[in-house]
Amino acid sequence: MNPNTLTILGLIISIVAAIFFAMGEVLLAGSLLLLSGLFDVLDGAVARENDRITRFGGFLDSVCDRFADAAVLIGAMYGG
């Protein structure tokens, strides 16, 4: 599997977690946030294992991590 795909899936799961935080479903949101973290760990591991480390992949991972953080914080503040 492409590591960039895992990165995007992690971002999508984080956005869904943010929506659940905003709706007040904290346990479900927290569970999704843990799953998102798993994808974040896996994307780097898959890239290293398959020798697919690229500058773009590193940049995409970093940017998606910041967007995921922002989404979760906004969702938590909204649902707060």
# chains A, B, ... in the order shown; residues from 1 in each chain; ligands from 1
call {"tool": "residues_around", "arguments": {"residues": "Leu6 in chain A", "least_positions_apart": "3", "cutoff": "8 Å", "atoms": "only C-alpha atoms", "output": "tab-separated table (two decimals) with C-alpha atoms, in the first residue's frame"}}
result
chain	number	residue	atom	x	y	z
A	1	MET	CA	0.00	0.00	0.00
A	2	ASN	CA	1.16	3.51	-0.77
A	3	PRO	CA	2.26	5.41	2.37
A	9	LEU	CA	-6.77	8.05	5.44
A	10	GLY	CA	-5.38	9.20	8.77
A	39	PHE	CA	-2.35	5.33	10.54
A	40	ASP	CA	0.13	8.13	11.25
A	42	LEU	CA	2.01	3.11	9.85
A	43	ASP	CA	2.58	5.52	6.96
call {"tool": "residues_around", "arguments": {"residues": "Tyr78 in chain A", "least_positions_apart": "4", "cutoff": "12 Å", "atoms": "only C-alpha atoms", "output": "list of chain:residue names"}}
result
A:Ala18, A:Ile19, A:Phe20, A:Phe21, A:Ala22, A:Met23, A:Gly24, A:Ala71, A:Val72, A:Leu73, A:Ile74
call {"tool": "atom_distance", "arguments": {"atom1": "CA of Gly37 in chain A", "atom2": "CA of Asp69 in chain A"}}
result
10.9 Å
call {"tool": "residues_around", "arguments": {"residues": "Phe56 in chain A", "least_positions_apart": "6", "cutoff": "12 Å", "atoms": "only C-alpha atoms", "output": "list of chain:residue names"}}
result
A:Pro3, A:Asn4, A:Thr7, A:Ala47, A:Ser62, A:Val63, A:Cys64
call {"tool": "write_last_selection", "arguments": {"atoms": "all heavy atoms", "output": "PDB file, in the first residue's frame"}}
result
ATOM      1  N   PRO A   3       2.256   4.693   1.089  1.00  0.00           N
ATOM      2  CA  PRO A   3       2.263   5.408   2.371  1.00  0.00           C
ATOM      3  C   PRO A   3       1.452   6.703   2.333  1.00  0.00           C
ATOM      4  O   PRO A   3       0.868   7.104   3.338  1.00  0.00           O
ATOM      5  CB  PRO A   3       3.738   5.699   2.635  1.00  0.00           C
ATOM      6  CG  PRO A   3       4.512   5.038   1.577  1.00  0.00           C
ATOM      7  CD  PRO A   3       3.598   4.479   0.569  1.00  0.00           C
ATOM      8  N   ASN A   4       1.405   7.357   1.168  1.00  0.00           N
ATOM      9  CA  ASN A   4       0.624   8.598   1.064  1.00  0.00           C
ATOM     10  C   ASN A   4      -0.871   8.319   1.229  1.00  0.00           C
ATOM     11  O   ASN A   4      -1.602   9.152   1.768  1.00  0.00           O
ATOM     12  CB  ASN A   4       0.892   9.286  -0.267  1.00  0.00           C
ATOM     13  CG  ASN A   4       2.318   9.787  -0.364  1.00  0.00           C
ATOM     14  OD1 ASN A   4       2.999   9.950   0.652  1.00  0.00           O
ATOM     15  ND2 ASN A   4       2.782  10.009  -1.563  1.00  0.00           N
ATOM     16  N   THR A   7      -1.508   8.189   4.855  1.00  0.00           N
ATOM     17  CA  THR A   7      -1.494   9.550   5.403  1.00  0.00           C
ATOM     18  C   THR A   7      -2.846  10.220   5.205  1.00  0.00           C
ATOM     19  O   THR A   7      -3.410  10.815   6.138  1.00  0.00           O
ATOM     20  CB  THR A   7      -0.388  10.380   4.728  1.00  0.00           C
ATOM     21  OG1 THR A   7       0.876   9.770   4.978  1.00  0.00           O
ATOM     22  CG2 THR A   7      -0.380  11.802   5.243  1.00  0.00           C
ATOM     23  N   ALA A  47       6.588   3.372   4.476  1.00  0.00           N
ATOM     24  CA  ALA A  47       7.528   4.052   3.576  1.00  0.00           C
ATOM     25  C   ALA A  47       8.954   3.547   3.794  1.00  0.00           C
ATOM     26  O   ALA A  47       9.679   3.284   2.832  1.00  0.00           O
ATOM     27  CB  ALA A  47       7.456   5.559   3.799  1.00  0.00           C
ATOM     28  N   SER A  62       3.562  15.828   7.076  1.00  0.00           N
ATOM     29  CA  SER A  62       3.641  16.955   7.997  1.00  0.00           C
ATOM     30  C   SER A  62       2.426  17.874   7.870  1.00  0.00           C
ATOM     31  O   SER A  62       1.835  18.283   8.872  1.00  0.00           O
ATOM     32  CB  SER A  62       4.927  17.735   7.722  1.00  0.00           C
ATOM     33  OG  SER A  62       5.041  18.817   8.595  1.00  0.00           O
ATOM     34  N   VAL A  63       2.057  18.188   6.648  1.00  0.00           N
ATOM     35  CA  VAL A  63       0.908  19.070   6.416  1.00  0.00           C
ATOM     36  C   VAL A  63      -0.392  18.410   6.885  1.00  0.00           C
ATOM     37  O   VAL A  63      -1.213  19.051   7.554  1.00  0.00           O
ATOM     38  CB  VAL A  63       0.824  19.472   4.920  1.00  0.00           C
ATOM     39  CG1 VAL A  63      -0.490  20.157   4.603  1.00  0.00           C
ATOM     40  CG2 VAL A  63       1.992  20.367   4.558  1.00  0.00           C
ATOM     41  N   CYS A  64      -0.571  17.148   6.565  1.00  0.00           N
ATOM     42  CA  CYS A  64      -1.785  16.442   6.992  1.00  0.00           C
ATOM     43  C   CYS A  64      -1.862  16.332   8.514  1.00  0.00           C
ATOM     44  O   CYS A  64      -2.953  16.440   9.085  1.00  0.00           O
ATOM     45  CB  CYS A  64      -1.849  15.052   6.350  1.00  0.00           C
ATOM     46  SG  CYS A  64      -2.295  15.095   4.608  1.00  0.00           S
TER      47      CYS A  64
END
call {"tool": "atom_distance", "arguments": {"atom1": "CA of Ile8 in chain A", "atom2": "CA of Asp61 in chain A"}}
result
8.3 Å
